[in-house]
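Raw contents of entry_6.txt, compact mmCIF, C-alpha atoms and all ligand atoms:
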# COMPACT_ATOMS: atom_id res chain seq x y z
CA MET P 1 78.76 7.11 13.33
CA SER P 2 82.37 6.33 14.24
CA ALA P 3 83.23 5.04 17.71
CA ALA P 4 84.95 8.35 18.44
CA THR P 5 81.85 10.46 17.84
CA GLN P 6 79.30 8.03 19.28
CA PRO P 7 77.83 9.53 22.47
CA SER P 8 78.50 7.54 25.65
CA ALA P 9 75.71 5.28 26.85
CA ALA P 10 74.31 6.08 30.30
CA LEU P 11 75.68 2.69 31.35
CA ASP P 12 78.11 0.51 29.43
CA VAL P 13 79.21 -2.80 30.98
CA GLN P 14 81.78 -4.86 29.09
CA GLY P 15 83.05 -8.31 30.01
CA LEU P 16 82.34 -7.94 33.74
CA VAL P 17 83.77 -10.78 35.85
CA THR P 18 83.20 -11.07 39.62
CA ARG P 19 84.56 -13.92 41.73
CA PHE P 20 84.11 -15.07 45.31
CA GLU P 21 86.70 -16.94 47.32
CA THR P 22 84.82 -19.73 49.12
CA ARG P 23 85.63 -22.99 50.89
CA ALA P 24 84.62 -24.78 47.67
CA GLY P 25 87.20 -22.70 45.75
CA LYS P 26 86.90 -19.64 43.54
CA LEU P 27 83.36 -19.17 42.20
CA THR P 28 82.65 -16.98 39.20
CA ALA P 29 79.31 -15.36 40.07
CA VAL P 30 79.41 -12.92 37.13
CA ASN P 31 81.07 -14.38 34.07
CA GLY P 32 81.75 -11.97 31.19
CA VAL P 33 78.56 -9.91 31.42
CA SER P 34 78.17 -7.12 28.82
CA PHE P 35 75.29 -4.72 28.14
CA ARG P 36 74.58 -1.07 27.32
CA VAL P 37 71.68 1.02 28.56
CA GLU P 38 70.98 4.30 26.75
CA ARG P 39 69.44 7.39 28.37
CA GLY P 40 65.79 6.94 29.34
CA ARG P 41 65.81 3.22 28.58
CA ILE P 42 64.86 0.42 30.97
CA LEU P 43 66.75 -2.86 30.88
CA GLY P 44 65.22 -5.85 32.65
CA LEU P 45 67.88 -8.18 34.07
CA VAL P 46 66.09 -11.48 34.65
CA GLY P 47 67.07 -14.86 36.05
CA GLU P 48 66.42 -17.38 38.80
CA SER P 49 67.78 -17.06 42.31
CA GLY P 50 71.57 -17.29 42.36
CA SER P 51 72.04 -16.39 38.68
CA GLY P 52 74.21 -13.37 39.58
CA LYS P 53 71.79 -10.45 39.18
CA SER P 54 72.51 -8.71 42.48
CA VAL P 55 76.25 -9.31 42.25
CA THR P 56 76.14 -7.67 38.80
CA GLY P 57 74.44 -4.62 40.38
CA PHE P 58 76.90 -4.45 43.28
CA SER P 59 79.83 -4.83 40.88
CA ILE P 60 78.63 -1.89 38.77
CA LEU P 61 78.46 0.33 41.86
CA GLY P 62 81.82 -0.79 43.27
CA LEU P 63 80.11 -2.40 46.27
CA VAL P 64 81.73 -5.85 46.10
CA ASP P 65 83.94 -6.57 49.08
CA GLU P 66 85.85 -9.53 50.54
CA PRO P 67 85.47 -12.45 49.91
CA GLY P 68 84.43 -11.09 46.50
CA GLU P 69 86.41 -9.28 43.84
CA VAL P 70 85.63 -7.68 40.49
CA ALA P 71 88.28 -9.50 38.51
CA GLY P 72 87.76 -8.12 35.01
CA GLY P 73 85.80 -6.00 32.59
CA ALA P 74 84.84 -2.36 32.34
CA VAL P 75 81.93 -0.35 33.75
CA ARG P 76 81.31 3.12 32.29
CA VAL P 77 78.69 5.53 33.61
CA GLU P 78 78.23 8.38 31.11
CA GLY P 79 81.65 7.43 29.75
CA VAL P 80 83.37 7.53 33.18
CA ASP P 81 85.33 4.36 33.90
CA MET P 82 84.05 3.38 37.37
CA ARG P 83 86.78 0.81 37.96
CA ALA P 84 89.54 3.37 37.36
CA LEU P 85 88.19 5.65 40.11
CA SER P 86 89.55 5.76 43.66
CA ARG P 87 87.18 4.63 46.45
CA PRO P 88 86.30 8.26 47.43
CA GLU P 89 85.65 9.09 43.77
CA GLN P 90 83.43 6.01 43.45
CA ARG P 91 81.52 7.17 46.54
CA ARG P 92 81.00 10.57 44.91
CA MET P 93 79.53 8.87 41.83
CA ARG P 94 77.25 6.70 43.99
CA GLY P 95 74.02 8.41 44.98
CA ASN P 96 74.85 11.17 42.52
CA ARG P 97 75.38 9.77 38.97
CA VAL P 98 74.53 6.15 39.76
CA ALA P 99 72.21 4.91 42.52
CA MET P 100 70.87 1.59 43.72
CA VAL P 101 67.49 0.66 45.16
CA PHE P 102 67.68 -2.51 47.23
CA GLN P 103 65.04 -5.19 47.77
CA ASP P 104 64.82 -4.18 51.43
CA PRO P 105 64.34 -0.40 51.79
CA MET P 106 65.93 -0.60 55.26
CA MET P 107 69.27 -1.16 53.45
CA THR P 108 68.88 2.52 52.48
CA LEU P 109 66.89 3.95 55.41
CA ASN P 110 68.18 4.62 58.90
CA PRO P 111 65.53 3.54 61.45
CA VAL P 112 66.47 6.15 64.08
CA LEU P 113 66.29 9.24 61.84
CA THR P 114 63.22 10.89 60.36
CA VAL P 115 62.70 10.56 56.63
CA GLY P 116 63.27 14.33 56.31
CA HIS P 117 66.56 14.25 58.22
CA GLN P 118 68.06 11.47 56.13
CA MET P 119 66.79 12.82 52.84
CA ARG P 120 68.21 16.24 53.66
CA MET P 121 71.60 14.65 54.38
CA ALA P 122 71.39 12.73 51.11
CA VAL P 123 70.73 16.00 49.23
CA GLN P 124 73.54 17.86 50.99
CA ALA P 125 76.03 15.02 50.41
CA HIS P 126 76.17 16.02 46.74
CA ALA P 127 74.76 19.57 46.54
CA LYS P 128 75.81 22.74 48.41
CA VAL P 129 72.36 23.98 49.41
CA SER P 130 70.77 25.32 52.62
CA LYS P 131 68.85 23.07 54.99
CA ALA P 132 65.57 24.64 53.85
CA GLU P 133 66.39 24.13 50.17
CA ALA P 134 67.48 20.53 50.84
CA LEU P 135 64.20 19.79 52.63
CA GLU P 136 62.25 21.34 49.77
CA ARG P 137 64.08 19.09 47.28
CA ALA P 138 63.31 16.10 49.52
CA ARG P 139 59.64 17.05 49.63
CA GLN P 140 59.52 17.35 45.84
CA ALA P 141 61.24 13.96 45.45
CA LEU P 142 58.56 12.33 47.64
CA GLU P 143 55.89 13.98 45.52
CA THR P 144 57.51 12.66 42.35
CA VAL P 145 57.20 9.05 43.51
CA GLY P 146 53.52 9.55 44.35
CA ILE P 147 53.70 9.89 48.14
CA PRO P 148 50.63 11.73 49.47
CA SER P 149 51.13 14.57 52.03
CA PRO P 150 54.91 14.58 51.49
CA ALA P 151 55.58 17.38 54.01
CA GLU P 152 54.02 15.23 56.73
CA ARG P 153 56.00 12.13 55.66
CA LEU P 154 59.24 14.06 56.06
CA ARG P 155 58.53 14.24 59.79
CA ALA P 156 57.87 10.48 60.07
CA TYR P 157 60.30 7.73 61.09
CA PRO P 158 60.62 4.77 58.67
CA HIS P 159 58.68 2.40 61.01
CA GLN P 160 55.67 4.75 60.85
CA LEU P 161 55.34 4.10 57.11
CA SER P 162 53.96 1.05 55.28
CA GLY P 163 56.32 -1.22 53.35
CA GLY P 164 55.19 0.31 50.05
CA MET P 165 55.81 3.85 51.36
CA ARG P 166 59.25 2.90 52.68
CA GLN P 167 60.20 1.52 49.27
CA ARG P 168 58.92 4.70 47.59
CA VAL P 169 61.08 6.75 49.96
CA ALA P 170 64.11 4.62 49.04
CA ILE P 171 63.32 5.18 45.35
CA ALA P 172 62.90 8.94 46.00
CA ILE P 173 66.35 9.01 47.64
CA ALA P 174 67.85 7.22 44.63
CA LEU P 175 66.25 9.83 42.37
CA LEU P 176 67.31 12.91 44.40
CA HIS P 177 70.21 13.89 42.16
CA LYS P 178 68.61 12.78 38.88
CA PRO P 179 71.27 10.11 38.40
CA ALA P 180 72.25 8.93 34.95
CA VAL P 181 71.65 5.35 36.08
CA ILE P 182 69.47 3.62 38.66
CA ILE P 183 69.93 -0.04 39.49
CA ALA P 184 66.74 -1.35 41.11
CA ASP P 185 67.25 -4.77 42.69
CA GLU P 186 63.84 -6.46 43.02
CA PRO P 187 62.44 -3.42 44.84
CA THR P 188 58.82 -4.48 44.49
CA THR P 189 58.78 -8.21 45.20
CA ALA P 190 57.73 -7.73 48.84
CA LEU P 191 54.87 -5.39 47.89
CA ASP P 192 51.33 -6.23 46.90
CA VAL P 193 50.58 -6.40 43.20
CA SER P 194 48.68 -3.11 42.83
CA ILE P 195 51.45 -1.13 44.58
CA GLN P 196 54.03 -2.89 42.41
CA GLY P 197 52.09 -1.76 39.33
CA GLN P 198 51.99 1.86 40.51
CA ILE P 199 55.70 1.96 41.30
CA LEU P 200 56.57 0.40 37.96
CA ALA P 201 54.43 2.93 36.10
CA GLU P 202 56.17 5.77 37.98
CA ILE P 203 59.63 4.41 37.14
CA ARG P 204 58.63 4.26 33.47
CA ARG P 205 57.42 7.89 33.60
CA LEU P 206 60.59 9.05 35.40
CA ALA P 207 62.83 7.31 32.88
CA ASP P 208 60.93 9.02 30.06
CA GLU P 209 60.93 12.45 31.73
CA THR P 210 64.40 12.64 33.28
CA GLY P 211 66.38 10.45 30.88
CA THR P 212 67.58 8.28 33.77
CA ALA P 213 68.57 4.82 32.54
CA VAL P 214 67.23 1.97 34.66
CA VAL P 215 68.46 -1.56 35.25
CA TRP P 216 65.48 -3.41 36.74
CA ILE P 217 66.60 -6.66 38.39
CA THR P 218 63.97 -9.33 38.91
CA HIS P 219 63.38 -13.07 38.83
CA ASP P 220 59.90 -12.38 37.44
CA LEU P 221 59.74 -12.14 33.68
CA ALA P 222 56.11 -10.96 33.83
CA VAL P 223 57.18 -7.83 35.75
CA VAL P 224 59.66 -6.70 33.12
CA SER P 225 57.63 -7.75 30.08
CA SER P 226 55.39 -4.69 30.46
CA LEU P 227 58.03 -2.30 31.82
CA ALA P 228 61.36 -2.87 30.12
CA ASP P 229 62.56 -1.80 26.68
CA ASP P 230 65.17 -4.52 26.58
CA ILE P 231 65.74 -7.77 28.45
CA CYS P 232 68.89 -9.66 29.39
CA VAL P 233 68.35 -13.18 30.71
CA MET P 234 71.03 -14.42 33.12
CA TYR P 235 71.92 -18.01 33.91
CA ALA P 236 74.85 -19.10 36.10
CA GLY P 237 76.55 -15.71 35.84
CA ARG P 238 76.21 -15.32 32.06
CA ILE P 239 73.79 -13.52 29.82
CA VAL P 240 72.25 -16.29 27.73
CA GLU P 241 69.70 -14.23 25.79
CA ARG P 242 69.19 -10.53 25.12
CA GLY P 243 67.02 -8.37 22.92
CA PRO P 244 64.05 -6.02 22.78
CA ALA P 245 61.55 -7.04 25.49
CA GLU P 246 58.72 -7.70 23.03
CA ALA P 247 60.87 -9.95 20.86
CA VAL P 248 62.30 -11.93 23.77
CA ILE P 249 58.83 -12.53 25.22
CA ALA P 250 57.15 -13.30 21.89
CA THR P 251 59.92 -15.46 20.41
CA PRO P 252 62.32 -16.66 23.10
CA ARG P 253 65.31 -18.38 21.46
CA HIS P 254 67.08 -19.89 24.47
CA PRO P 255 65.54 -23.02 26.04
CA TYR P 256 65.98 -21.41 29.48
CA THR P 257 64.07 -18.25 28.47
CA ARG P 258 61.35 -20.47 27.01
CA GLY P 259 61.14 -22.28 30.36
CA LEU P 260 60.93 -19.00 32.29
CA ILE P 261 58.08 -17.80 30.06
CA ASP P 262 56.20 -21.08 30.40
CA SER P 263 56.37 -20.81 34.18
CA VAL P 264 54.78 -17.32 34.24
CA PRO P 265 51.28 -17.57 35.80
CA GLY P 266 48.47 -16.81 33.37
CA ARG P 267 49.87 -18.83 30.51
CA THR P 268 48.25 -22.03 31.68
CA GLU P 269 44.60 -22.93 32.23
CA PRO P 270 43.32 -22.22 35.75
CA GLY P 271 43.67 -25.29 37.94
CA ASN P 272 46.58 -26.67 35.90
CA ARG P 273 49.99 -26.79 37.52
CA LEU P 274 52.51 -24.35 36.17
CA PRO P 275 55.19 -26.01 34.14
CA GLN P 276 58.46 -25.71 36.03
CA ILE P 277 61.90 -25.80 34.52
CA PRO P 278 63.13 -29.24 35.62
CA GLY P 279 66.04 -29.34 38.04
CA SER P 280 67.30 -26.42 40.06
CA THR P 281 69.78 -23.60 39.72
CA PRO P 282 73.22 -25.16 39.43
CA SER P 283 75.88 -24.79 42.06
CA LEU P 284 78.57 -22.53 40.66
CA ALA P 285 81.10 -24.93 42.17
CA HIS P 286 79.89 -27.82 39.98
CA LEU P 287 79.09 -26.44 36.56
CA PRO P 288 79.35 -28.81 33.60
CA GLU P 289 81.86 -28.16 30.80
CA GLY P 290 80.35 -26.05 28.02
CA CYS P 291 76.76 -24.85 28.41
CA PRO P 292 75.77 -24.52 32.10
CA PHE P 293 72.10 -25.28 31.30
CA GLN P 294 72.83 -28.84 30.03
CA PRO P 295 71.53 -30.86 32.99
CA ARG P 296 68.13 -29.14 32.70
CA CYS P 297 67.83 -28.86 28.92
CA ALA P 298 65.59 -31.07 26.76
CA ARG P 299 67.46 -29.95 23.59
CA ARG P 300 70.98 -30.82 24.71
CA THR P 301 73.30 -32.90 22.53
CA ASP P 302 76.96 -33.88 22.85
CA GLN P 303 77.80 -30.57 21.16
CA CYS P 304 76.57 -28.72 24.27
CA ARG P 305 79.70 -29.87 26.14
CA GLN P 306 81.46 -27.17 24.10
CA GLU P 307 81.05 -23.48 24.98
CA PRO P 308 77.89 -22.32 23.10
CA PRO P 309 78.39 -19.71 20.36
CA SER P 310 76.50 -16.42 20.23
CA ARG P 311 73.80 -16.45 17.53
CA ASP P 312 71.82 -13.45 16.30
CA PHE P 313 68.16 -13.43 15.28
CA GLY P 314 67.57 -9.86 14.15
CA PRO P 315 67.99 -7.66 17.23
CA GLN P 316 67.94 -10.72 19.53
CA SER P 317 71.00 -12.70 20.43
CA VAL P 318 71.34 -16.01 22.22
CA ARG P 319 74.13 -18.28 23.46
CA CYS P 320 73.05 -21.78 22.56
CA HIS P 321 74.04 -24.60 20.18
CA HIS P 322 70.41 -25.39 19.33
CA PRO P 323 68.31 -22.25 19.73
CA LEU P 324 64.58 -22.35 19.13
CA GLU P 325 64.40 -21.34 15.48
CA ILE P 326 60.62 -21.09 15.29
CA ALA P 327 58.84 -20.01 18.46
CA ALA P 328 56.41 -22.63 19.71
N1 LIG Z 1 79.21 -13.06 49.81
C1 LIG Z 1 79.25 -14.10 49.00
N2 LIG Z 1 80.13 -15.11 49.22
C2 LIG Z 1 80.20 -16.18 48.37
N3 LIG Z 1 79.45 -16.31 47.26
C3 LIG Z 1 78.57 -15.34 47.00
C4 LIG Z 1 78.41 -14.19 47.84
N4 LIG Z 1 77.45 -13.41 47.32
C5 LIG Z 1 77.02 -14.03 46.19
N5 LIG Z 1 77.70 -15.20 46.02
C6 LIG Z 1 77.54 -16.14 44.89
O1 LIG Z 1 77.07 -15.43 43.78
C7 LIG Z 1 75.93 -16.10 43.21
C8 LIG Z 1 75.01 -15.06 42.65
O2 LIG Z 1 74.39 -14.37 43.72
P1 LIG Z 1 73.36 -13.18 43.50
O3 LIG Z 1 73.03 -12.67 44.84
O4 LIG Z 1 73.89 -12.22 42.50
O5 LIG Z 1 72.10 -13.92 42.86
P2 LIG Z 1 70.73 -13.29 42.40
O6 LIG Z 1 70.58 -13.59 40.95
O7 LIG Z 1 70.65 -11.87 42.82
O8 LIG Z 1 69.68 -14.18 43.20
P3 LIG Z 1 68.32 -13.76 43.99
O9 LIG Z 1 67.24 -13.78 42.93
O10 LIG Z 1 68.15 -14.86 44.98
O11 LIG Z 1 68.51 -12.42 44.61
C9 LIG Z 1 75.35 -16.92 44.35
O12 LIG Z 1 74.80 -18.10 43.87
C10 LIG Z 1 76.54 -17.25 45.18
O13 LIG Z 1 77.13 -18.44 44.70
S1 LIG Z 2 73.61 -25.10 24.39
FE1 LIG Z 2 72.63 -27.11 24.46
S2 LIG Z 2 72.27 -27.53 26.64
FE2 LIG Z 2 72.67 -25.33 26.41
S3 LIG Z 2 70.68 -24.41 26.23
FE3 LIG Z 2 71.41 -24.77 24.14
S4 LIG Z 2 70.60 -26.79 23.59
FE4 LIG Z 2 70.41 -26.59 25.81
MG MG Z 3 69.51 -10.84 44.19
Translate this structure into structure tokens?
Amino acid sequence: MSAATQPSAALDVQGLVTRFETRAGKLTAVNGVSFRVERGRILGLVGESGSGKSVTGFSILGLVDEPGEVAGGAVRVEGVDMRALSRPEQRRMRGNRVAMVFQDPMMTLNPVLTVGHQMRMAVQAHAKVSKAEALERARQALETVGIPSPAERLRAYPHQLSGGMRQRVAIAIALLHKPAVIIADEPTTALDVSIQGQILAEIRRLADETGTAVVWITHDLAVVSSLADDICVMYAGRIVERGPAEAVIATPRHPYTRGLIDSVPGRTEPGNRLPQIPGSTPSLAHLPEGCPFQPRCARRTDQCRQEPPSRDFGPQSVRCHHPLEIAA
């Protein structure tokens, strides 16, 4: 298929660069990030704290403000160039064609309004419908995310709901207009494991049924291994490994991905300490020349002071001078 006839991906991010002006100088929090997510697919964006996952999400939605700036790259939602839009046009896309679910549902919910009131406003922000119709859509959205007695919940204030329910409401709001893309930024980390499992299963079903593409941001590789179709692993603002989830988990090629997998609970004998990746996430102000993982990498050589090349292993690709050729 030629590029001209190829249908647009739900989300296409190319060479995204986001910088922050800080006292330590200009920091590049997102450094040339590229990925595509097709309709109905789930991409897991994984990395340790500070690797640039949230900033990537905010950059896609046009939510980066001073002291930050999206300094380069392209973001297309269903072929629409988000960066070329005016601020009001970006706002119209947000909540409608592309929506974000934050780690804290109170970033979405207003504590002084009932769930029904705010969901109705969210419906009417993008659809010309009556109050009754808007409330009915809100009720259906709550049902879709598995909230029992949804009509009753519409009359509740956020503080009258449990944390899990609040997060489901935030997800329901994100889903109201059947967006092409949802960016979910660690929405389940604060919830207990069984509720996490239920929400993840519902997101999978919704992606399959509605064709919504999902970017699921998490620091927990175990969470995405069962949920995502594809995985991108981020380190110091770059994607260091990408590929189908099964392949990345079964045969990680980047030493950092290998370290993340080894530190997932359940892979070691009970009572044994989890192996940790030595060292800590690097300060973006003091990155080494070449590969940013050098100070923590057992495989490093002098070559690693040069920018690592991209190497392909079937559908997987990795940025490393000495990738793991045979999975241990
Ligand atoms: N407002 C800001 N001002 C300055 N630097 C910032 C700001 N927000 C983010 N950064 C920089 O961007 C880097 C990436 O931050 P980001 O929040 O995307 O990390 P993350 O991968 O989402 O981490 P976490 O798992 O802790 O949520 C941070 O390490 C920090 O250096
Ligand atoms: S490029 Fe070198 S330092 Fe970086 S991950 Fe690969 S082997 Fe390790
Ligand atoms: Mg984050």
Distance CA of His322 in chain P-CA of Tyr235 in chain P, one decimal place?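 Computed distance, CA of His322 in chain P to CA of Tyr235 in chain P, equals 16.4 Å.
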Please build the interface table for chain P against ligand LIG 1 (chain Z) with a cut-off of 10 Å, listing for each qualifying residue the nearest atom pair and the distance in Å to one decimal; count all atoms listed in the file, order rows by chain and increasing number, and write it as a tab-separated table.
residue	atom	partner	partner_atom	distance
P:Thr18	CA	Z:LIG1	O1	8.6
P:Arg19	CA	Z:LIG1	N3	7.9
P:Phe20	CA	Z:LIG1	C2	5.1
P:Glu21	CA	Z:LIG1	C2	6.6
P:Thr22	CA	Z:LIG1	C2	5.9
P:Arg23	CA	Z:LIG1	C2	9.1
P:Ala24	CA	Z:LIG1	C2	9.7
P:Gly25	CA	Z:LIG1	C2	9.9
P:Lys26	CA	Z:LIG1	C2	9.0
P:Leu27	CA	Z:LIG1	O13	6.8
P:Thr28	CA	Z:LIG1	O1	7.4
P:Ala29	CA	Z:LIG1	O1	4.3
P:Val30	CA	Z:LIG1	C8	7.4
P:Leu45	CA	Z:LIG1	O6	9.2
P:Val46	CA	Z:LIG1	O6	8.0
P:Gly47	CA	Z:LIG1	O6	6.2
P:Glu48	CA	Z:LIG1	O9	5.5
P:Ser49	CA	Z:LIG1	O9	3.4
P:Gly50	CA	Z:LIG1	O5	3.4
P:Ser51	CA	Z:LIG1	O6	3.9
P:Gly52	CA	Z:LIG1	O4	3.2
P:Lys53	CA	Z:LIG1	O6	3.8
P:Ser54	CA	Z:LIG1	O7	3.7
P:Val55	CA	Z:LIG1	O4	3.8
P:Thr56	CA	Z:LIG1	O4	6.3
P:Gly57	CA	Z:LIG1	O4	7.9
P:Phe58	CA	Z:LIG1	O4	8.4
P:Ser59	CA	Z:LIG1	O4	9.6
P:Val64	CA	Z:LIG1	N1	8.5
P:Asp65	CA	Z:LIG1	N1	8.1
P:Glu66	CA	Z:LIG1	N1	7.6
P:Pro67	CA	Z:LIG1	N2	6.0
P:Gly68	CA	Z:LIG1	N2	6.5
P:Gln103	CA	Z:LIG1	O11	8.6
P:Asp185	CA	Z:LIG1	O7	7.9
P:Glu186	CA	Z:LIG1	O11	7.7
P:Ile217	CA	Z:LIG1	O7	7.9
P:Thr218	CA	Z:LIG1	O9	6.8
P:His219	CA	Z:LIG1	O9	5.7
P:Asp220	CA	Z:LIG1	O9	9.3
P:Met234	CA	Z:LIG1	O6	7.9
P:Tyr235	CA	Z:LIG1	O6	8.4
P:Ala236	CA	Z:LIG1	C8	7.7
P:Gly237	CA	Z:LIG1	C8	7.0
P:Thr281	CA	Z:LIG1	O12	8.5
P:Pro282	CA	Z:LIG1	O12	8.5
P:Ser283	CA	Z:LIG1	O13	7.0
P:Leu284	CA	Z:LIG1	O13	5.9
P:Ala285	CA	Z:LIG1	O13	8.0
Under the rule that all atoms listed in the file are counted, which of P:Ser34, P:Thr144, P:Thr189, P:Ser149 is the nearest residue to Glu202 in chain P? P:Thr144
Quick one: residues within 12 Å of ligand LIG 2 (chain Z), with all atoms listed in the file, as a CSV table (one decimal) with C-alpha atoms, in the coordinates of the input?
chain,number,residue,atom,x,y,z
P,235,TYR,CA,71.9,-18.0,33.9
P,236,ALA,CA,74.8,-19.1,36.1
P,239,ILE,CA,73.8,-13.5,29.8
P,240,VAL,CA,72.2,-16.3,27.7
P,241,GLU,CA,69.7,-14.2,25.8
P,252,PRO,CA,62.3,-16.7,23.1
P,253,ARG,CA,65.3,-18.4,21.5
P,254,HIS,CA,67.1,-19.9,24.5
P,255,PRO,CA,65.5,-23.0,26.0
P,256,TYR,CA,66.0,-21.4,29.5
P,257,THR,CA,64.1,-18.2,28.5
P,258,ARG,CA,61.4,-20.5,27.0
P,259,GLY,CA,61.1,-22.3,30.4
P,288,PRO,CA,79.4,-28.8,33.6
P,289,GLU,CA,81.9,-28.2,30.8
P,290,GLY,CA,80.4,-26.0,28.0
P,291,CYS,CA,76.8,-24.8,28.4
P,292,PRO,CA,75.8,-24.5,32.1
P,293,PHE,CA,72.1,-25.3,31.3
P,294,GLN,CA,72.8,-28.8,30.0
P,295,PRO,CA,71.5,-30.9,33.0
P,296,ARG,CA,68.1,-29.1,32.7
P,297,CYS,CA,67.8,-28.9,28.9
P,298,ALA,CA,65.6,-31.1,26.8
P,299,ARG,CA,67.5,-30.0,23.6
P,300,ARG,CA,71.0,-30.8,24.7
P,301,THR,CA,73.3,-32.9,22.5
P,302,ASP,CA,77.0,-33.9,22.8
P,303,GLN,CA,77.8,-30.6,21.2
P,304,CYS,CA,76.6,-28.7,24.3
P,305,ARG,CA,79.7,-29.9,26.1
P,306,GLN,CA,81.5,-27.2,24.1
P,307,GLU,CA,81.0,-23.5,25.0
P,308,PRO,CA,77.9,-22.3,23.1
P,309,PRO,CA,78.4,-19.7,20.4
P,310,SER,CA,76.5,-16.4,20.2
P,311,ARG,CA,73.8,-16.4,17.5
P,318,VAL,CA,71.3,-16.0,22.2
P,319,ARG,CA,74.1,-18.3,23.5
P,320,CYS,CA,73.0,-21.8,22.6
P,321,HIS,CA,74.0,-24.6,20.2
P,322,HIS,CA,70.4,-25.4,19.3
P,323,PRO,CA,68.3,-22.2,19.7
P,324,LEU,CA,64.6,-22.4,19.1
P,325,GLU,CA,64.4,-21.3,15.5
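Using only C-alpha atoms and all ligand atoms, the nearest neighbour of ligand MG 3 (chain Z) within the list P:Arg120, P:Gly146, P:Val101, P:Ala207 is P:Val101.
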Which residue out of P:Val233, P:Leu176, P:Ile171, P:Val214 has the minimum interatomic distance to Ile199 in chain P when all atoms listed in the file are used?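 Among P:Val233, P:Leu176, P:Ile171, P:Val214, it is P:Ile171 that comes nearest to Ile199 in chain P.
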So, counting all atoms listed in the file, which residue among P:Asp104, P:Glu38, P:Glu152, P:Asp12 is closest to ligand MG 3 (chain Z)?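 Result for the nearest residue to ligand MG 3 (chain Z): P:Asp104.
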Residues near His126 in chain P, anyone? I mean within 9 Å using all atoms listed in the file, not counting same-chain ones fewer than 6 positions away, as a CSV table (one decimal) with C-alpha atoms, in the frame of the given file.
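Dumped everything to out_6.csv:
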chain,number,residue,atom,x,y,z
P,92,ARG,CA,81.0,10.6,44.9
P,95,GLY,CA,74.0,8.4,45.0
P,96,ASN,CA,74.8,11.2,42.5
P,177,HIS,CA,70.2,13.9,42.2
Nearby residues (all atoms listed in the file) at most 12 Å from Glu246 in chain P, same-chain spacing under 2 positions excluded, as a count of residues only: 21
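Minimum distance to Gln140 in chain P across P:Val169, P:His117, P:Ser162, P:Ser194 (counting all atoms listed in the file) occurs at P:Val169.
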For CA of Ala74 in chain P and CA of Val13 in chain P, quote the distance in Å rounded to one decimal.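 Atom-to-atom, CA of Ala74 in chain P and CA of Val13 in chain P are spaced 5.8 Å apart.
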